[in-house]
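*Asks:* What follows is work_24.csv; its format and atoms are CSV, N, CA and C atoms.
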```csv
chain,number,residue,atom,x,y,z
E,97,MET,N,19.3,16.3,68.4
E,97,MET,CA,19.1,16.8,67.1
E,97,MET,C,17.8,16.3,66.5
E,98,LYS,N,17.0,17.1,65.9
E,98,LYS,CA,15.7,16.7,65.4
E,98,LYS,C,16.0,16.0,64.0
E,99,ARG,N,15.3,14.9,63.8
E,99,ARG,CA,15.4,14.2,62.6
E,99,ARG,C,14.7,14.9,61.4
E,100,LYS,N,15.3,14.9,60.3
E,100,LYS,CA,14.7,15.5,59.1
E,100,LYS,C,13.5,14.7,58.6
E,101,GLU,N,12.4,15.4,58.4
E,101,GLU,CA,11.2,14.7,57.9
E,101,GLU,C,11.4,14.3,56.4
E,102,LEU,N,11.1,13.1,56.1
E,102,LEU,CA,11.2,12.6,54.7
E,102,LEU,C,10.1,13.1,53.8
E,103,SER,N,10.4,13.4,52.6
E,103,SER,CA,9.4,13.7,51.6
E,103,SER,C,8.6,12.5,51.2
E,104,SER,N,7.5,12.6,50.6
E,104,SER,CA,6.7,11.4,50.2
E,104,SER,C,7.5,10.6,49.2
E,105,ILE,N,8.3,11.1,48.4
E,105,ILE,CA,9.2,10.4,47.4
E,105,ILE,C,10.3,9.6,48.2
E,106,GLU,N,10.9,10.3,49.2
E,106,GLU,CA,11.9,9.6,50.1
E,106,GLU,C,11.3,8.5,50.9
E,107,ARG,N,10.1,8.7,51.4
E,107,ARG,CA,9.4,7.6,52.2
E,107,ARG,C,9.1,6.4,51.3
E,108,GLU,N,8.6,6.7,50.1
E,108,GLU,CA,8.3,5.6,49.2
E,108,GLU,C,9.6,4.8,48.8
E,109,ALA,N,10.7,5.6,48.5
E,109,ALA,CA,11.9,4.9,48.1
E,109,ALA,C,12.5,4.1,49.3
E,110,LEU,N,12.3,4.6,50.5
E,110,LEU,CA,12.8,3.8,51.7
E,110,LEU,C,11.9,2.6,51.8
E,111,LEU,N,10.7,2.7,51.7
E,111,LEU,CA,9.8,1.5,51.8
E,111,LEU,C,10.1,0.5,50.8
E,112,MET,N,10.3,0.9,49.5
E,112,MET,CA,10.6,-0.1,48.4
E,112,MET,C,12.0,-0.7,48.7
E,113,ALA,N,13.0,0.0,49.2
E,113,ALA,CA,14.3,-0.5,49.4
E,113,ALA,C,14.2,-1.6,50.6
E,114,LEU,N,13.5,-1.2,51.6
E,114,LEU,CA,13.3,-2.1,52.8
E,114,LEU,C,12.6,-3.4,52.4
E,115,LEU,N,11.5,-3.3,51.6
E,115,LEU,CA,10.8,-4.5,51.2
E,115,LEU,C,11.6,-5.4,50.3
E,116,SER,N,12.4,-4.8,49.4
E,116,SER,CA,13.3,-5.5,48.6
E,116,SER,C,14.3,-6.3,49.4
E,117,GLN,N,14.9,-5.6,50.4
E,117,GLN,CA,15.8,-6.3,51.3
E,117,GLN,C,15.2,-7.4,52.1
E,118,LEU,N,13.9,-7.2,52.5
E,118,LEU,CA,13.2,-8.2,53.2
E,118,LEU,C,13.0,-9.4,52.4
E,119,LEU,N,12.5,-9.2,51.1
E,119,LEU,CA,12.3,-10.4,50.2
E,119,LEU,C,13.6,-11.1,49.9
E,120,ARG,N,14.7,-10.4,49.9
E,120,ARG,CA,16.0,-11.0,49.7
E,120,ARG,C,16.6,-11.6,50.9
E,121,GLU,N,15.9,-11.6,52.0
E,121,GLU,CA,16.3,-12.1,53.3
E,121,GLU,C,17.6,-11.4,53.9
E,122,GLU,N,17.7,-10.1,53.5
E,122,GLU,CA,18.9,-9.4,54.0
E,122,GLU,C,18.6,-8.7,55.3
E,123,ILE,N,17.3,-8.5,55.6
E,123,ILE,CA,16.9,-7.9,56.8
E,123,ILE,C,15.6,-8.7,57.2
E,124,SER,N,15.2,-8.5,58.5
E,124,SER,CA,14.0,-9.2,59.0
E,124,SER,C,12.8,-8.2,59.0
E,125,SER,N,11.7,-8.8,59.2
E,125,SER,CA,10.4,-8.0,59.3
E,125,SER,C,10.5,-7.1,60.5
E,126,GLY,N,11.1,-7.5,61.6
E,126,GLY,CA,11.3,-6.7,62.8
E,126,GLY,C,12.1,-5.4,62.5
E,127,GLN,N,13.2,-5.6,61.7
E,127,GLN,CA,14.0,-4.5,61.3
E,127,GLN,C,13.3,-3.5,60.4
E,128,VAL,N,12.4,-4.1,59.5
E,128,VAL,CA,11.6,-3.2,58.6
E,128,VAL,C,10.7,-2.4,59.5
E,129,LEU,N,10.0,-3.1,60.4
E,129,LEU,CA,9.0,-2.4,61.3
E,129,LEU,C,9.7,-1.3,62.1
E,130,ARG,N,10.9,-1.6,62.7
E,130,ARG,CA,11.6,-0.6,63.5
E,130,ARG,C,12.0,0.6,62.6
E,131,GLN,N,12.6,0.4,61.4
E,131,GLN,CA,13.0,1.5,60.6
E,131,GLN,C,11.9,2.3,60.1
E,132,LEU,N,10.8,1.7,59.7
E,132,LEU,CA,9.7,2.5,59.2
E,132,LEU,C,9.0,3.3,60.3
E,133,ARG,N,8.9,2.6,61.5
E,133,ARG,CA,8.3,3.4,62.6
E,133,ARG,C,9.1,4.6,62.9
E,134,ARG,N,10.4,4.5,63.0
E,134,ARG,CA,11.3,5.6,63.3
E,134,ARG,C,11.4,6.6,62.2
E,135,ASP,N,11.8,6.1,61.0
E,135,ASP,CA,12.2,7.0,59.9
E,135,ASP,C,11.0,7.5,59.1
E,136,VAL,N,9.9,6.8,59.0
E,136,VAL,CA,8.8,7.3,58.2
E,136,VAL,C,7.8,8.0,59.2
E,137,LEU,N,7.5,7.4,60.3
E,137,LEU,CA,6.5,8.0,61.2
E,137,LEU,C,7.1,8.9,62.3
E,138,GLY,N,8.4,8.7,62.6
E,138,GLY,CA,9.1,9.4,63.6
E,138,GLY,C,8.5,9.2,65.0
E,139,MET,N,8.1,8.0,65.2
E,139,MET,CA,7.4,7.7,66.5
E,139,MET,C,8.3,6.8,67.4
E,140,SER,N,8.1,7.0,68.7
E,140,SER,CA,8.8,6.1,69.7
E,140,SER,C,8.0,4.8,69.7
E,141,GLN,N,8.7,3.8,70.4
E,141,GLN,CA,8.0,2.5,70.6
E,141,GLN,C,6.7,2.7,71.3
E,142,THR,N,6.7,3.5,72.4
E,142,THR,CA,5.5,3.8,73.2
E,142,THR,C,4.4,4.4,72.4
E,143,GLN,N,4.7,5.4,71.6
E,143,GLN,CA,3.7,6.1,70.8
E,143,GLN,C,3.1,5.1,69.7
E,144,TYR,N,4.0,4.3,69.1
E,144,TYR,CA,3.5,3.4,68.1
E,144,TYR,C,2.7,2.3,68.7
E,145,ALA,N,3.2,1.7,69.8
E,145,ALA,CA,2.4,0.7,70.5
E,145,ALA,C,1.0,1.1,70.8
E,146,GLU,N,0.9,2.3,71.3
E,146,GLU,CA,-0.4,2.9,71.6
E,146,GLU,C,-1.3,3.0,70.4
E,147,LEU,N,-0.7,3.5,69.3
E,147,LEU,CA,-1.4,3.7,68.0
E,147,LEU,C,-2.0,2.3,67.5
E,148,VAL,N,-1.2,1.3,67.6
E,148,VAL,CA,-1.6,0.0,67.1
E,148,VAL,C,-2.3,-0.9,68.1
E,149,GLY,N,-2.4,-0.5,69.4
E,149,GLY,CA,-3.1,-1.2,70.4
E,149,GLY,C,-2.4,-2.4,71.0
E,150,ILE,N,-1.1,-2.3,71.1
E,150,ILE,CA,-0.3,-3.4,71.8
E,150,ILE,C,0.6,-2.8,72.8
E,151,SER,N,1.2,-3.7,73.6
E,151,SER,CA,2.1,-3.1,74.7
E,151,SER,C,3.4,-2.8,74.0
E,152,ARG,N,4.1,-1.8,74.7
E,152,ARG,CA,5.4,-1.5,74.2
E,152,ARG,C,6.4,-2.6,74.2
E,153,ARG,N,6.3,-3.5,75.2
E,153,ARG,CA,7.1,-4.7,75.2
E,153,ARG,C,6.8,-5.7,74.1
E,154,SER,N,5.6,-5.8,73.7
E,154,SER,CA,5.2,-6.6,72.5
E,154,SER,C,5.8,-6.0,71.2
E,155,LEU,N,5.8,-4.7,71.1
E,155,LEU,CA,6.4,-4.1,69.9
E,155,LEU,C,7.9,-4.3,69.9
E,156,SER,N,8.5,-4.1,71.1
E,156,SER,CA,9.9,-4.3,71.2
E,156,SER,C,10.3,-5.7,70.8
E,157,ASP,N,9.5,-6.7,71.3
E,157,ASP,CA,9.8,-8.1,70.9
E,157,ASP,C,9.7,-8.3,69.4
E,158,LEU,N,8.6,-7.7,68.8
E,158,LEU,CA,8.5,-7.8,67.3
E,158,LEU,C,9.6,-7.2,66.6
E,159,GLU,N,10.1,-6.1,67.0
E,159,GLU,CA,11.2,-5.4,66.3
E,159,GLU,C,12.5,-6.1,66.5
E,160,ALA,N,12.6,-6.8,67.6
E,160,ALA,CA,13.8,-7.6,67.9
E,160,ALA,C,13.7,-9.1,67.4
E,161,ASP,N,12.6,-9.3,66.7
E,161,ASP,CA,12.4,-10.7,66.1
E,161,ASP,C,12.4,-11.8,67.2
E,162,LYS,N,11.9,-11.4,68.4
E,162,LYS,CA,11.8,-12.3,69.5
E,162,LYS,C,10.4,-12.9,69.7
E,163,ALA,N,9.5,-12.4,68.9
E,163,ALA,CA,8.1,-12.8,69.0
E,163,ALA,C,7.7,-13.8,67.9
E,164,SER,N,6.6,-14.5,68.1
E,164,SER,CA,6.0,-15.4,67.1
E,164,SER,C,4.6,-14.8,66.8
E,165,PRO,N,4.5,-13.8,66.0
E,165,PRO,CA,3.2,-13.1,65.9
E,165,PRO,C,2.3,-13.9,65.0
E,166,THR,N,1.0,-13.7,65.2
E,166,THR,CA,0.0,-14.2,64.4
E,166,THR,C,-0.1,-13.3,63.1
E,167,LEU,N,-0.8,-13.8,62.1
E,167,LEU,CA,-1.0,-13.0,60.9
E,167,LEU,C,-1.8,-11.7,61.3
E,168,SER,N,-2.8,-11.9,62.2
E,168,SER,CA,-3.6,-10.8,62.6
E,168,SER,C,-2.8,-9.7,63.3
E,169,LEU,N,-1.9,-10.1,64.1
E,169,LEU,CA,-1.0,-9.1,64.8
E,169,LEU,C,-0.1,-8.4,63.8
E,170,PHE,N,0.5,-9.2,62.9
E,170,PHE,CA,1.3,-8.6,61.9
E,170,PHE,C,0.6,-7.6,61.1
E,171,ASN,N,-0.6,-7.9,60.7
E,171,ASN,CA,-1.4,-6.9,59.9
E,171,ASN,C,-1.7,-5.7,60.8
E,172,GLN,N,-2.0,-5.9,62.1
E,172,GLN,CA,-2.3,-4.8,63.0
E,172,GLN,C,-1.1,-3.9,63.1
E,173,VAL,N,0.1,-4.4,63.2
E,173,VAL,CA,1.2,-3.5,63.5
E,173,VAL,C,1.7,-2.8,62.2
E,174,PHE,N,1.5,-3.5,61.0
E,174,PHE,CA,2.0,-2.9,59.8
E,174,PHE,C,0.9,-2.0,59.1
E,175,ARG,N,-0.3,-2.1,59.5
E,175,ARG,CA,-1.4,-1.3,58.9
E,175,ARG,C,-1.1,0.2,58.8
E,176,PRO,N,-0.7,0.8,59.9
E,176,PRO,CA,-0.4,2.3,59.8
E,176,PRO,C,0.7,2.6,58.8
E,177,LEU,N,1.5,1.6,58.4
E,177,LEU,CA,2.5,1.9,57.4
E,177,LEU,C,2.1,1.6,56.0
E,178,GLY,N,0.8,1.2,55.9
E,178,GLY,CA,0.3,0.9,54.6
E,178,GLY,C,0.6,-0.4,54.0
E,179,LEU,N,0.9,-1.4,55.0
E,179,LEU,CA,1.4,-2.7,54.6
E,179,LEU,C,0.4,-3.8,55.1
E,180,GLN,N,0.4,-4.9,54.5
E,180,GLN,CA,-0.3,-6.1,55.0
E,180,GLN,C,0.5,-7.3,54.7
E,181,THR,N,0.2,-8.4,55.4
E,181,THR,CA,0.9,-9.6,55.1
E,181,THR,C,0.4,-10.2,53.8
E,182,ALA,N,1.3,-10.9,53.1
E,182,ALA,CA,1.0,-11.5,51.8
E,182,ALA,C,1.8,-12.8,51.6
E,183,LEU,N,1.3,-13.5,50.6
E,183,LEU,CA,2.0,-14.7,50.2
E,183,LEU,C,3.2,-14.4,49.3
E,184,VAL,N,4.3,-15.0,49.6
E,184,VAL,CA,5.5,-14.9,48.7
E,184,VAL,C,6.1,-16.2,48.6
E,185,PRO,N,6.8,-16.5,47.5
E,185,PRO,CA,7.4,-17.8,47.4
E,185,PRO,C,8.5,-18.0,48.5
E,186,ARG,N,8.5,-19.3,49.0
E,186,ARG,CA,9.5,-19.6,50.0
E,186,ARG,C,10.9,-19.8,49.3
E,187,ASN,N,10.9,-20.2,48.1
E,187,ASN,CA,12.1,-20.4,47.3
E,187,ASN,C,12.7,-19.1,46.9
E,188,ARG,N,14.0,-18.9,47.4
E,188,ARG,CA,14.7,-17.7,47.1
E,188,ARG,C,14.8,-17.3,45.6
E,189,GLY,N,15.0,-18.3,44.8
E,189,GLY,CA,15.1,-18.1,43.4
E,189,GLY,C,13.9,-17.6,42.8
E,190,LEU,N,12.7,-18.1,43.2
E,190,LEU,CA,11.4,-17.6,42.8
E,190,LEU,C,11.2,-16.2,43.2
E,191,ARG,N,11.6,-15.9,44.5
E,191,ARG,CA,11.4,-14.5,45.0
E,191,ARG,C,12.3,-13.5,44.1
E,192,GLU,N,13.5,-13.9,43.8
E,192,GLU,CA,14.4,-13.1,43.0
E,192,GLU,C,13.7,-12.9,41.6
E,193,ARG,N,13.2,-13.9,41.0
E,193,ARG,CA,12.5,-13.7,39.7
E,193,ARG,C,11.3,-12.8,39.8
E,194,LEU,N,10.6,-12.9,40.9
E,194,LEU,CA,9.4,-12.0,41.2
E,194,LEU,C,9.9,-10.6,41.3
E,195,LEU,N,11.0,-10.3,42.0
E,195,LEU,CA,11.5,-9.0,42.1
E,195,LEU,C,12.0,-8.5,40.7
E,196,SER,N,12.6,-9.3,39.9
E,196,SER,CA,13.1,-8.9,38.6
E,196,SER,C,11.9,-8.5,37.7
E,197,VAL,N,10.8,-9.3,37.8
E,197,VAL,CA,9.6,-9.0,37.0
E,197,VAL,C,9.1,-7.6,37.4
E,198,ASP,N,9.0,-7.4,38.7
E,198,ASP,CA,8.5,-6.1,39.2
E,198,ASP,C,9.4,-4.9,38.7
E,199,LYS,N,10.7,-5.1,38.7
E,199,LYS,CA,11.6,-4.0,38.3
E,199,LYS,C,11.4,-3.7,36.8
E,200,ALA,N,11.2,-4.7,36.0
E,200,ALA,CA,11.0,-4.5,34.6
E,200,ALA,C,9.7,-3.8,34.3
E,201,ASN,N,8.7,-3.9,35.2
E,201,ASN,CA,7.4,-3.2,35.0
E,201,ASN,C,7.3,-1.8,35.6
E,202,ILE,N,8.3,-1.4,36.3
E,202,ILE,CA,8.3,-0.1,37.0
E,202,ILE,C,8.6,1.0,36.0
```
For this file, write the structure as structure tokens.
*Replies:*
Amino acid sequence: MKRKELSSIEREALLMALLSQLLREEISSGQVLRQLRRDVLGMSQTQYAELVGISRRSLSDLEADKASPTLSLFNQVFRPLGLQTALVPRNRGLRERLLSVDKANI
């Protein structure tokens, strides 16, 4: 069965939901990468690995959180999704406050 293509509003909503879950440590960066690759871009691991210039095995390891990627590699694999690595507070309470401030400004 062919997957329904998401509208730009649906893609943005999915992205925001996943990033919020990531910041709340409910999901991992690998899970975010896998879901965005599949649901936003509709690409296989092989296709996406070729797009970002890494091996399919490396992508698989990243998505399974089995790799220890450099910042450069993280930026490389998230760039096609419009994302880059950034600094966020390690303290969960501070991250929650940051998310609350963002929601108030939306």
*Asks:* Please, what distance in Å, to one decimal, runs between CA of Leu102 in chain E and atom C of Arg133 in chain E?
*Replies:* 11.6 Å
*Asks:* In Å to one decimal, how far is CA of Phe170 in chain E from CA of Leu129 in chain E?
*Replies:*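 Between CA of Leu129 in chain E and CA of Phe170 in chain E the gap is 9.9 Å.
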*Asks:* For range 113-193 of chain E against range 103-108 of chain E, with a cut-off of 12 Å and counting only C-alpha atoms, what is the closest atom pair and its distance in Å to one decimal for every residue that makes the cut, ordered by chain and number, as JSON lines?
*Replies:*
```
{"residue": "E:Ala113", "atom": "CA", "partner": "E:Glu108", "partner_atom": "CA", "distance": 8.6}
{"residue": "E:Leu114", "atom": "CA", "partner": "E:Glu108", "partner_atom": "CA", "distance": 9.9}
{"residue": "E:Leu115", "atom": "CA", "partner": "E:Glu108", "partner_atom": "CA", "distance": 10.6}
{"residue": "E:Gln131", "atom": "CA", "partner": "E:Arg107", "partner_atom": "CA", "distance": 11.0}
{"residue": "E:Leu132", "atom": "CA", "partner": "E:Arg107", "partner_atom": "CA", "distance": 8.7}
{"residue": "E:Arg133", "atom": "CA", "partner": "E:Arg107", "partner_atom": "CA", "distance": 11.3}
{"residue": "E:Arg134", "atom": "CA", "partner": "E:Arg107", "partner_atom": "CA", "distance": 11.4}
{"residue": "E:Asp135", "atom": "CA", "partner": "E:Arg107", "partner_atom": "CA", "distance": 8.2}
{"residue": "E:Val136", "atom": "CA", "partner": "E:Arg107", "partner_atom": "CA", "distance": 6.0}
{"residue": "E:Leu137", "atom": "CA", "partner": "E:Arg107", "partner_atom": "CA", "distance": 9.5}
{"residue": "E:Gly138", "atom": "CA", "partner": "E:Arg107", "partner_atom": "CA", "distance": 11.5}
{"residue": "E:Leu177", "atom": "CA", "partner": "E:Arg107", "partner_atom": "CA", "distance": 10.4}
{"residue": "E:Gly178", "atom": "CA", "partner": "E:Glu108", "partner_atom": "CA", "distance": 10.7}
```
*Asks:* Suppose we keep N, CA and C atoms; can you now write the selection as a CSV table (one decimal), keeping the file's coordinate frame?
*Replies:*
```csv
chain,number,residue,atom,x,y,z
E,113,ALA,N,13.0,0.0,49.2
E,113,ALA,CA,14.3,-0.5,49.4
E,113,ALA,C,14.2,-1.6,50.6
E,114,LEU,N,13.5,-1.2,51.6
E,114,LEU,CA,13.3,-2.1,52.8
E,114,LEU,C,12.6,-3.4,52.4
E,115,LEU,N,11.5,-3.3,51.6
E,115,LEU,CA,10.8,-4.5,51.2
E,115,LEU,C,11.6,-5.4,50.3
E,131,GLN,N,12.6,0.4,61.4
E,131,GLN,CA,13.0,1.5,60.6
E,131,GLN,C,11.9,2.3,60.1
E,132,LEU,N,10.8,1.7,59.7
E,132,LEU,CA,9.7,2.5,59.2
E,132,LEU,C,9.0,3.3,60.3
E,133,ARG,N,8.9,2.6,61.5
E,133,ARG,CA,8.3,3.4,62.6
E,133,ARG,C,9.1,4.6,62.9
E,134,ARG,N,10.4,4.5,63.0
E,134,ARG,CA,11.3,5.6,63.3
E,134,ARG,C,11.4,6.6,62.2
E,135,ASP,N,11.8,6.1,61.0
E,135,ASP,CA,12.2,7.0,59.9
E,135,ASP,C,11.0,7.5,59.1
E,136,VAL,N,9.9,6.8,59.0
E,136,VAL,CA,8.8,7.3,58.2
E,136,VAL,C,7.8,8.0,59.2
E,137,LEU,N,7.5,7.4,60.3
E,137,LEU,CA,6.5,8.0,61.2
E,137,LEU,C,7.1,8.9,62.3
E,138,GLY,N,8.4,8.7,62.6
E,138,GLY,CA,9.1,9.4,63.6
E,138,GLY,C,8.5,9.2,65.0
E,177,LEU,N,1.5,1.6,58.4
E,177,LEU,CA,2.5,1.9,57.4
E,177,LEU,C,2.1,1.6,56.0
E,178,GLY,N,0.8,1.2,55.9
E,178,GLY,CA,0.3,0.9,54.6
E,178,GLY,C,0.6,-0.4,54.0
```
*Asks:* Can you tell me how far atom N of Lys100 in chain E sits from atom N of Ala145 in chain E, in Å to one decimal?
*Replies:*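 Distance reported for this atom pair: 20.3 Å.
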*Asks:* Check the smallest atom-to-atom distance from each of E:Arg191, E:Leu179, E:Tyr144, E:Glu159 to Ile123 in chain E using only C-alpha atoms, then report the winner.
*Replies:* E:Glu159
*Asks:* Set the distance at 9 Å and use only C-alpha atoms: which residues neighbour Arg188 in chain E once local chain neighbours fewer than 5 positions away are removed? I'd like the list as a VMD selection string.
*Replies:* chain E and resid 119 to 121 193
*Asks:* Can you write out the residues you just picked, keeping N, CA and C atoms, as a short mmCIF file (atom, residue, chain, number, x, y, z; two decimals), keeping the file's coordinate frame?
*Replies:*
```cif
data_model
loop_
_atom_site.label_atom_id
_atom_site.label_comp_id
_atom_site.auth_asym_id
_atom_site.auth_seq_id
_atom_site.Cartn_x
_atom_site.Cartn_y
_atom_site.Cartn_z
N LEU E 119 12.50 -9.20 51.10
CA LEU E 119 12.30 -10.40 50.20
C LEU E 119 13.60 -11.10 49.90
N ARG E 120 14.70 -10.40 49.90
CA ARG E 120 16.00 -11.00 49.70
C ARG E 120 16.60 -11.60 50.90
N GLU E 121 15.90 -11.60 52.00
CA GLU E 121 16.30 -12.10 53.30
C GLU E 121 17.60 -11.40 53.90
N ARG E 193 13.20 -13.90 41.00
CA ARG E 193 12.50 -13.70 39.70
C ARG E 193 11.30 -12.80 39.80
#
```
